[in-house]
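Source file: data16.cif (mmCIF, C-alpha atoms)
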data_structure
loop_
_atom_site.label_atom_id
_atom_site.label_comp_id
_atom_site.auth_asym_id
_atom_site.auth_seq_id
_atom_site.Cartn_x
_atom_site.Cartn_y
_atom_site.Cartn_z
CA MET V 299 2.90 250.50 215.89
CA ILE V 300 4.45 253.71 217.23
CA SER V 301 3.18 254.64 220.71
CA ARG V 302 1.15 257.82 221.08
CA SER V 303 3.94 259.59 222.97
CA ARG V 304 6.54 258.47 220.46
CA ARG V 305 4.36 259.59 217.54
CA GLU V 306 4.03 263.01 219.13
CA ASP V 307 7.82 263.23 219.33
CA VAL V 308 8.01 262.28 215.63
CA ARG V 309 5.48 264.95 214.72
CA ILE V 310 7.38 267.66 216.61
CA PHE V 311 10.67 266.56 215.01
CA LEU V 312 9.17 266.67 211.51
CA GLU V 313 7.57 270.07 212.02
CA GLU V 314 10.92 271.48 213.12
CA LYS V 315 12.64 269.83 210.15
CA ALA V 316 10.07 271.32 207.75
CA ARG V 317 10.70 274.77 209.23
CA GLU V 318 14.43 274.30 208.70
CA ILE V 319 13.82 273.19 205.12
CA ARG V 320 11.70 276.25 204.41
CA ILE V 321 14.55 278.46 205.64
CA GLU V 322 17.03 276.73 203.32
CA ILE V 323 14.62 277.04 200.38
CA LEU V 324 14.30 280.79 200.87
CA ARG V 325 18.02 281.33 201.38
CA MET V 326 18.98 279.51 198.21
CA LEU V 327 16.28 281.18 196.13
CA THR V 328 17.33 284.62 197.30
CA ALA V 329 20.97 283.85 196.57
CA ALA V 330 20.07 282.63 193.08
CA GLY V 331 17.78 285.58 192.39
CA SER V 332 15.33 283.32 190.57
CA GLY V 333 13.29 280.18 191.07
CA HIS V 334 9.97 278.97 192.42
CA THR V 335 9.02 280.06 195.91
CA GLY V 336 5.30 279.37 196.38
CA GLY V 337 5.11 275.72 195.35
CA SER V 338 8.35 274.81 197.10
CA LEU V 339 7.02 276.14 200.41
CA SER V 340 3.54 274.64 200.03
CA ALA V 341 4.83 271.07 199.70
CA ALA V 342 7.55 271.27 202.36
CA ASP V 343 5.60 269.42 205.05
CA ILE V 344 4.70 266.57 202.69
CA VAL V 345 8.21 265.97 201.35
CA THR V 346 9.70 266.29 204.85
CA ALA V 347 7.40 263.51 206.06
CA LEU V 348 8.39 261.32 203.12
CA TYR V 349 12.16 261.60 203.55
CA PHE V 350 12.38 261.77 207.34
CA TYR V 351 9.55 259.40 208.28
CA LYS V 352 8.14 257.15 205.60
CA MET V 353 10.59 256.41 202.80
CA ARG V 354 13.33 253.78 202.95
CA HIS V 355 16.44 255.35 201.46
CA ARG V 356 20.18 255.53 202.07
CA PRO V 357 21.92 258.88 201.48
CA ASP V 358 25.30 257.10 201.49
CA GLU V 359 24.01 254.57 198.95
CA PRO V 360 21.70 256.55 196.61
CA GLU V 361 21.26 253.66 194.17
CA TRP V 362 20.39 251.06 196.82
CA ARG V 363 18.19 248.60 194.93
CA GLU V 364 15.53 248.24 197.61
CA ARG V 365 15.03 251.96 198.22
CA ASP V 366 11.68 253.67 197.92
CA ARG V 367 11.52 256.08 194.99
CA PHE V 368 10.39 259.72 194.98
CA ILE V 369 9.39 261.42 191.74
CA LEU V 370 9.03 265.21 191.84
CA SER V 371 6.64 265.56 188.93
CA LYS V 372 6.27 269.30 189.63
CA GLY V 373 9.96 269.74 188.89
CA HIS V 374 9.91 273.52 189.34
CA ALA V 375 9.81 272.83 193.10
CA ALA V 376 13.44 271.71 192.81
CA PRO V 377 14.59 273.96 195.72
CA LEU V 378 12.44 271.86 198.04
CA LEU V 379 13.94 268.61 196.79
CA TYR V 380 17.48 269.97 197.07
CA ALA V 381 16.93 271.20 200.62
CA VAL V 382 15.50 267.83 201.69
CA LEU V 383 18.27 265.85 200.01
CA SER V 384 20.92 268.03 201.62
CA LEU V 385 19.45 267.84 205.11
CA SER V 386 19.03 264.08 204.65
CA GLY V 387 22.76 263.77 204.02
CA TYR V 388 23.03 263.33 200.25
CA PHE V 389 25.37 266.31 199.89
CA ASP V 390 26.86 269.14 201.94
CA ARG V 391 24.54 271.99 202.81
CA GLU V 392 27.05 274.53 201.45
CA MET V 393 26.22 273.36 197.93
CA LEU V 394 22.70 274.79 198.29
CA LYS V 395 24.24 278.21 197.67
CA THR V 396 24.99 277.16 194.08
CA LEU V 397 21.33 276.84 193.04
CA ARG V 398 20.91 277.73 189.34
CA LYS V 399 24.59 278.57 188.89
CA ILE V 400 26.37 277.45 185.72
CA ASP V 401 27.81 273.92 186.11
CA SER V 402 26.09 273.44 189.48
CA PRO V 403 24.34 270.08 189.99
CA LEU V 404 21.46 272.11 191.43
CA GLN V 405 19.81 273.26 188.25
CA GLY V 406 16.47 275.06 188.02
CA HIS V 407 14.81 271.70 187.48
CA PRO V 408 16.17 268.42 188.89
CA SER V 409 18.61 266.44 186.76
CA SER V 410 19.26 262.79 187.59
CA ARG V 411 22.42 262.97 185.48
CA MET V 412 23.90 265.71 187.63
CA LEU V 413 22.82 264.89 191.18
CA LYS V 414 22.68 261.62 193.10
CA GLY V 415 19.38 261.18 194.89
CA VAL V 416 17.33 262.58 192.02
CA GLU V 417 15.48 259.60 190.55
CA ILE V 418 14.46 261.20 187.27
CA SER V 419 14.87 264.55 185.53
CA THR V 420 11.59 266.47 185.64
CA GLY V 421 10.26 269.85 184.65
CA SER V 422 7.95 269.23 181.68
CA LEU V 423 4.70 269.06 183.59
CA GLY V 424 2.39 266.07 183.37
CA GLN V 425 5.01 263.37 182.87
CA GLY V 426 5.97 262.31 186.39
CA LEU V 427 3.03 260.02 187.11
CA SER V 428 3.64 258.03 183.92
CA ILE V 429 7.26 257.57 184.99
CA ALA V 430 6.15 256.55 188.48
CA ASN V 431 3.83 253.95 186.94
CA GLY V 432 6.69 252.45 184.97
CA ILE V 433 8.93 252.27 188.03
CA ALA V 434 6.15 250.73 190.13
CA LEU V 435 5.50 248.08 187.48
CA GLY V 436 9.23 247.35 187.24
CA LEU V 437 9.55 246.95 191.00
CA ARG V 438 6.62 244.54 190.99
CA MET V 439 8.17 242.49 188.18
CA ASP V 440 11.45 242.33 190.11
CA GLY V 441 9.66 241.12 193.22
CA LEU V 442 10.76 244.11 195.31
CA SER V 443 8.66 245.56 198.12
CA SER V 444 9.88 249.12 197.42
CA ARG V 445 7.26 251.84 197.03
CA VAL V 446 7.02 254.80 194.67
CA TYR V 447 5.87 258.27 195.73
CA CYS V 448 5.01 260.93 193.15
CA LEU V 449 4.28 264.59 193.93
CA LEU V 450 2.13 266.51 191.46
CA GLY V 451 0.95 270.10 191.38
CA ASP V 452 -2.75 270.87 191.12
CA GLY V 453 -2.22 273.04 188.04
CA GLU V 454 -0.20 270.17 186.60
CA ILE V 455 -3.17 267.80 186.63
CA GLN V 456 -4.72 269.93 183.89
CA GLU V 457 -2.35 267.99 181.60
CA GLY V 458 -4.02 265.15 179.69
CA GLN V 459 -1.11 262.74 180.20
CA VAL V 460 -1.83 262.77 183.92
CA TRP V 461 -5.23 261.18 183.31
CA GLU V 462 -3.80 258.55 180.98
CA ALA V 463 -1.41 257.69 183.81
CA ALA V 464 -4.27 257.69 186.32
CA MET V 465 -6.15 255.19 184.19
CA THR V 466 -3.05 253.01 183.78
CA ALA V 467 -2.28 252.87 187.51
CA GLY V 468 -5.86 251.92 188.27
CA HIS V 469 -5.91 249.27 185.57
CA TYR V 470 -2.73 247.59 186.83
CA ARG V 471 -3.77 248.02 190.46
CA LEU V 472 -0.44 249.54 191.43
CA ASP V 473 -0.71 249.33 195.20
CA ASN V 474 3.02 250.10 195.53
CA LEU V 475 2.32 253.59 194.14
CA CYS V 476 1.26 256.61 196.19
CA ALA V 477 0.73 259.91 194.40
CA ILE V 478 0.23 263.21 196.21
CA ILE V 479 -1.33 266.39 194.86
CA ASP V 480 -0.02 269.66 196.28
CA ASN V 481 -3.44 271.28 196.07
CA ASN V 482 -2.66 274.92 196.86
CA GLY V 483 -5.23 276.28 194.40
CA LEU V 484 -2.85 278.54 192.49
CA GLN V 485 -0.70 278.27 189.39
CA ILE V 486 1.44 280.74 187.49
CA ASP V 487 -1.54 282.41 185.78
CA GLY V 488 -3.76 282.65 188.86
CA PHE V 489 -6.37 280.47 190.53
CA CYS V 490 -6.59 276.95 189.14
CA CYS V 491 -10.39 277.20 189.10
CA ASP V 492 -10.13 280.17 186.71
CA VAL V 493 -7.46 278.75 184.42
CA MET V 494 -8.98 275.26 184.11
CA LYS V 495 -11.32 273.86 186.73
CA ILE V 496 -9.92 270.72 188.40
CA GLU V 497 -12.54 269.99 191.05
CA PRO V 498 -13.99 267.64 192.14
CA ILE V 499 -10.50 266.15 192.50
CA THR V 500 -11.33 263.33 194.89
CA ASP V 501 -14.28 262.08 192.82
CA LYS V 502 -12.20 262.05 189.65
CA TRP V 503 -9.41 259.93 191.11
CA ARG V 504 -11.85 257.50 192.69
CA ALA V 505 -13.53 257.13 189.30
CA PHE V 506 -10.16 256.09 187.86
CA GLY V 507 -9.87 253.28 190.42
CA TRP V 508 -7.73 254.90 193.10
CA ASN V 509 -7.94 254.87 196.87
CA VAL V 510 -8.23 258.57 197.75
CA ILE V 511 -7.32 260.30 201.01
CA ASP V 512 -8.20 263.98 201.47
CA ILE V 513 -6.08 265.82 204.08
CA ASP V 514 -4.80 269.13 205.37
CA GLY V 515 -1.36 269.14 203.77
CA HIS V 516 0.15 271.19 206.60
CA ASP V 517 -1.15 269.05 209.46
CA MET V 518 1.77 266.71 210.11
CA GLY V 519 -0.41 264.25 212.00
CA GLN V 520 -2.78 263.92 209.04
CA ILE V 521 0.14 263.56 206.63
CA LEU V 522 1.63 260.70 208.65
CA ASP V 523 -1.72 258.96 208.99
CA ALA V 524 -2.31 259.24 205.24
CA LEU V 525 1.11 257.83 204.35
CA ASP V 526 0.61 254.95 206.77
CA GLU V 527 -2.84 254.23 205.36
CA ALA V 528 -1.54 254.30 201.78
CA GLU V 529 1.13 251.73 202.62
CA GLY V 530 -1.48 249.34 203.94
CA VAL V 531 -3.84 249.52 200.95
CA LYS V 532 -3.84 246.42 198.73
CA GLY V 533 -5.00 246.21 195.14
CA LEU V 534 -5.32 249.96 194.48
CA PRO V 535 -2.95 252.89 193.95
CA THR V 536 -3.44 255.70 196.47
CA MET V 537 -3.88 259.40 195.81
CA ILE V 538 -3.40 261.79 198.73
CA VAL V 539 -5.08 265.12 198.01
CA ALA V 540 -3.15 267.50 200.25
CA ARG V 541 -4.96 270.81 200.71
CA THR V 542 -2.15 273.33 201.06
CA VAL V 543 -1.38 277.06 200.97
CA LYS V 544 0.87 278.51 198.31
CA GLY V 545 3.92 280.03 200.02
CA LYS V 546 3.07 278.39 203.35
CA GLY V 547 5.07 279.54 206.36
CA VAL V 548 5.61 283.18 205.44
CA SER V 549 2.67 285.59 205.51
CA ILE V 550 3.92 287.84 202.69
CA PHE V 551 4.06 284.86 200.30
CA GLU V 552 0.99 282.92 201.36
CA GLY V 553 -1.87 282.59 198.89
CA LYS V 554 -0.26 284.77 196.20
CA ALA V 555 0.18 283.57 192.62
CA LYS V 556 2.81 286.30 192.21
CA TYR V 557 5.30 284.15 194.11
CA HIS V 558 4.82 281.07 191.97
CA GLY V 559 7.97 281.71 189.97
CA ILE V 560 9.92 284.56 191.53
CA ALA V 561 12.54 284.56 194.28
CA PRO V 562 12.39 286.64 197.46
CA THR V 563 14.27 289.91 197.61
CA GLY V 564 16.85 290.42 200.35
CA GLU V 565 14.32 292.45 202.32
CA GLU V 566 11.63 289.80 201.92
CA LEU V 567 14.10 287.14 203.06
CA GLU V 568 14.75 289.06 206.28
CA ILE V 569 11.01 289.25 206.97
CA ALA V 570 10.60 285.55 206.19
CA LEU V 571 13.46 284.44 208.41
CA LYS V 572 12.08 286.44 211.34
CA GLU V 573 8.67 284.82 210.93
CA LEU V 574 10.08 281.33 210.61
CA SER V 575 12.30 281.91 213.62
CA ARG V 576 9.31 282.96 215.74
CA ASN V 577 7.29 279.98 214.52
CA GLY V 578 10.10 277.66 215.60
CA ARG V 579 10.07 278.67 219.26
#
Using the file provided, produce a representation of the structure as structure tokens.
Amino acid sequence: MISRSRREDVRIFLEEKAREIRIEILRMLTAAGSGHTGGSLSAADIVTALYFYKMRHRPDEPEWRERDRFILSKGHAAPLLYAVLSLSGYFDREMLKTLRKIDSPLQGHPSSRMLKGVEISTGSLGQGLSIANGIALGLRMDGLSSRVYCLLGDGEIQEGQVWEAAMTAGHYRLDNLCAIIDNNGLQIDGFCCDVMKIEPITDKWRAFGWNVIDIDGHDMGQILDALDEAEGVKGLPTMIVARTVKGKGVSIFEGKAKYHGIAPTGEELEIALKELSRNGR
């Protein structure tokens, strides 16, 4: 058990790391001139907590057998994954400048064949949770205590395959699986509730046999508590519904579907960096 004072130090460290990750996301997107801004920023706090607090992994040994696994089902948020992997030590930060360049390992969607640290290639929405189920079952069969974490988008759960996977995880009682929904309420075509209603999210996942935790996805304390709780649950998979803001961290991007799939301009980057710099003081 981490002491209260120590946990506060951890929270402050993670919040600063998330700010740094947001800066790297915006820099690489602007340099590339394309990519997904909103959903990369909205999930930054969650993925930061996974890699720098909860997950067991070894950047110098990416294929360590006993590592925890992370599946980025919403593969368009690749800039977030690349920033976290780089700052974790998987590769030099300079390589972030090559995002979406020809022959770069940092493609628009993550490729496990091109970059160590990427567990599985993703991008076709709706498939990640099925993959996570398979990995979780395999780990159980091998007698390993490793856990699997899978990040989904809220628009993504409109895909039917997600609910087949939800039913499967509940049926097999995959308590080594924790899925997280980046519930920012927006997708490329607008508000999720207008495109295809997804609420009540928590009731649906409970009905499929999951332990469900509903949190503020930008409150680092709540994120840590939820991840700790999920690890202690036995006999059920856990779904963390993280209520987030699209484009979180920069006022000109927040809550705007426009920035789902476009990169910042040079001028917007300057504004963003000033805001993030102030927020880091």
ask   = Do you know which residues the PyMOL selection byres ((chain V and resi 575) around 12) returns on this file, as an MDAnalysis selection string?
value = chainID V and resid 314 317:318 320:321 547:548 567:574 576:579
ask   = Between V:Leu383, V:Lys495, V:Tyr447, V:Asp517, which is the closest to Lys352 of chain V once you count all atoms listed in the file?
value =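 Smallest separation from Lys352 of chain V among the options: V:Tyr447.
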inquiry  = If we count all atoms listed in the file and set the cut-off at 7 Å, which residues sit around Ala375 of chain V, ignoring sequence neighbours fewer than 6 positions away in its own chain? Please answer as number ranges by chain.
reply    = V: 334, 337-338
Do a neighbour search on segment 418-433 of chain V at 9 Å with only C-alpha atoms, toss out local chain neighbours closer than 3 positions, and write the hits as a PDB file with C-alpha atoms, in the frame of the given file.
ATOM      1  CA  ARG V 367      11.520 256.080 194.990  1.00  0.00           C
ATOM      2  CA  PHE V 368      10.390 259.720 194.980  1.00  0.00           C
ATOM      3  CA  ILE V 369       9.390 261.420 191.740  1.00  0.00           C
ATOM      4  CA  LEU V 370       9.030 265.210 191.840  1.00  0.00           C
ATOM      5  CA  SER V 371       6.640 265.560 188.930  1.00  0.00           C
ATOM      6  CA  LYS V 372       6.270 269.300 189.630  1.00  0.00           C
ATOM      7  CA  GLY V 373       9.960 269.740 188.890  1.00  0.00           C
ATOM      8  CA  HIS V 374       9.910 273.520 189.340  1.00  0.00           C
ATOM      9  CA  ALA V 375       9.810 272.830 193.100  1.00  0.00           C
ATOM     10  CA  ALA V 376      13.440 271.710 192.810  1.00  0.00           C
ATOM     11  CA  GLY V 406      16.470 275.060 188.020  1.00  0.00           C
ATOM     12  CA  HIS V 407      14.810 271.700 187.480  1.00  0.00           C
ATOM     13  CA  PRO V 408      16.170 268.420 188.890  1.00  0.00           C
ATOM     14  CA  SER V 409      18.610 266.440 186.760  1.00  0.00           C
ATOM     15  CA  SER V 410      19.260 262.790 187.590  1.00  0.00           C
ATOM     16  CA  ARG V 411      22.420 262.970 185.480  1.00  0.00           C
ATOM     17  CA  GLY V 436       9.230 247.350 187.240  1.00  0.00           C
ATOM     18  CA  LEU V 437       9.550 246.950 191.000  1.00  0.00           C
ATOM     19  CA  ARG V 438       6.620 244.540 190.990  1.00  0.00           C
ATOM     20  CA  VAL V 446       7.020 254.800 194.670  1.00  0.00           C
ATOM     21  CA  TYR V 447       5.870 258.270 195.730  1.00  0.00           C
ATOM     22  CA  CYS V 448       5.010 260.930 193.150  1.00  0.00           C
ATOM     23  CA  LEU V 449       4.280 264.590 193.930  1.00  0.00           C
ATOM     24  CA  LEU V 450       2.130 266.510 191.460  1.00  0.00           C
ATOM     25  CA  GLY V 451       0.950 270.100 191.380  1.00  0.00           C
ATOM     26  CA  GLU V 454      -0.200 270.170 186.600  1.00  0.00           C
ATOM     27  CA  ILE V 455      -3.170 267.800 186.630  1.00  0.00           C
ATOM     28  CA  GLN V 456      -4.720 269.930 183.890  1.00  0.00           C
ATOM     29  CA  GLU V 457      -2.350 267.990 181.600  1.00  0.00           C
ATOM     30  CA  GLY V 458      -4.020 265.150 179.690  1.00  0.00           C
ATOM     31  CA  GLN V 459      -1.110 262.740 180.200  1.00  0.00           C
ATOM     32  CA  VAL V 460      -1.830 262.770 183.920  1.00  0.00           C
ATOM     33  CA  GLU V 462      -3.800 258.550 180.980  1.00  0.00           C
ATOM     34  CA  ALA V 463      -1.410 257.690 183.810  1.00  0.00           C
ATOM     35  CA  ALA V 464      -4.270 257.690 186.320  1.00  0.00           C
ATOM     36  CA  THR V 466      -3.050 253.010 183.780  1.00  0.00           C
ATOM     37  CA  ALA V 467      -2.280 252.870 187.510  1.00  0.00           C
ATOM     38  CA  LEU V 472      -0.440 249.540 191.430  1.00  0.00           C
ATOM     39  CA  LEU V 475       2.320 253.590 194.140  1.00  0.00           C
ATOM     40  CA  ALA V 477       0.730 259.910 194.400  1.00  0.00           C
TER      41      ALA V 477
END
request  = Tell me, as a list in words, which residues lie within 10 Å of Ser332 of chain V, counting all atoms listed in the file; anything in the same chain fewer than 5 positions away does not count.
outcome  =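 Near neighbours after the sequence-gap exclusion: Met326, Leu327, Leu397, Arg398, Gly406, Gly559, Ile560, Ala561, Pro562 and Thr563 of chain V.
Counting all atoms listed in the file, Arg356 of chain V has the following residues at most 12 Å away, ignoring those fewer than 4 positions along the same chain: Tyr349, Phe350, Pro360, Glu361, Trp362, Arg363, Glu364, Arg365, Asp366, Arg367, Leu383, Ser386, Gly387, Tyr388, Lys414 and Gly415 of chain V.
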request  = One decimal, Å: what's the distance from atom CA of Phe551 of chain V over to atom CA of Asp390 of chain V, could you say?
outcome  =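 Here the two named atoms are 27.7 Å from each other.
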query = Can you list, as a ChimeraX atom specification, the residues that the PyMOL selection byres ((chain V and resi 526-539) around 8) selects here?
reply = /V:352,467-468,471-481,499-500,503,507-513,515,522-525,540-541
task = Could you jot down the atom CA of Lys399 of chain V to atom CA of Ser384 of chain V separation for me, Å, one decimal place?
result = 16.9 Å
Quick one: residues within 9 Å of Leu312 of chain V, only C-alpha atoms counted, chain neighbours fewer than 5 positions away excluded, as an mmCIF file with C-alpha atoms, in the coordinates of the input?
data_model
loop_
_atom_site.group_PDB
_atom_site.id
_atom_site.type_symbol
_atom_site.label_atom_id
_atom_site.label_comp_id
_atom_site.auth_asym_id
_atom_site.auth_seq_id
_atom_site.Cartn_x
_atom_site.Cartn_y
_atom_site.Cartn_z
ATOM 1 C CA ASP V 307 7.820 263.230 219.330
ATOM 2 C CA ARG V 317 10.700 274.770 209.230
ATOM 3 C CA ASP V 343 5.600 269.420 205.050
ATOM 4 C CA THR V 346 9.700 266.290 204.850
ATOM 5 C CA ALA V 347 7.400 263.510 206.060
ATOM 6 C CA PHE V 350 12.380 261.770 207.340
ATOM 7 C CA TYR V 351 9.550 259.400 208.280
ATOM 8 C CA MET V 518 1.770 266.710 210.110
#
Would you write out, as a PDB file with C-alpha atoms, in the frame of the given file, every residue that the PyMOL selection byres ((chain V and resi 394) around 10) captures in this file?
ATOM      1  CA  GLU V 322      17.030 276.730 203.320  1.00  0.00           C
ATOM      2  CA  ILE V 323      14.620 277.040 200.380  1.00  0.00           C
ATOM      3  CA  ARG V 325      18.020 281.330 201.380  1.00  0.00           C
ATOM      4  CA  MET V 326      18.980 279.510 198.210  1.00  0.00           C
ATOM      5  CA  LEU V 327      16.280 281.180 196.130  1.00  0.00           C
ATOM      6  CA  ALA V 329      20.970 283.850 196.570  1.00  0.00           C
ATOM      7  CA  ALA V 330      20.070 282.630 193.080  1.00  0.00           C
ATOM      8  CA  PRO V 377      14.590 273.960 195.720  1.00  0.00           C
ATOM      9  CA  TYR V 380      17.480 269.970 197.070  1.00  0.00           C
ATOM     10  CA  ALA V 381      16.930 271.200 200.620  1.00  0.00           C
ATOM     11  CA  SER V 384      20.920 268.030 201.620  1.00  0.00           C
ATOM     12  CA  PHE V 389      25.370 266.310 199.890  1.00  0.00           C
ATOM     13  CA  ASP V 390      26.860 269.140 201.940  1.00  0.00           C
ATOM     14  CA  ARG V 391      24.540 271.990 202.810  1.00  0.00           C
ATOM     15  CA  GLU V 392      27.050 274.530 201.450  1.00  0.00           C
ATOM     16  CA  MET V 393      26.220 273.360 197.930  1.00  0.00           C
ATOM     17  CA  LYS V 395      24.240 278.210 197.670  1.00  0.00           C
ATOM     18  CA  THR V 396      24.990 277.160 194.080  1.00  0.00           C
ATOM     19  CA  LEU V 397      21.330 276.840 193.040  1.00  0.00           C
ATOM     20  CA  ARG V 398      20.910 277.730 189.340  1.00  0.00           C
ATOM     21  CA  SER V 402      26.090 273.440 189.480  1.00  0.00           C
ATOM     22  CA  PRO V 403      24.340 270.080 189.990  1.00  0.00           C
ATOM     23  CA  LEU V 404      21.460 272.110 191.430  1.00  0.00           C
TER      24      LEU V 404
END
message = I'd like the interatomic distance between atom CA of Lys544 of chain V and atom CA of Gly453 of chain V, to a tenth of an Å.
response =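 These two atoms are separated by 12.0 Å.
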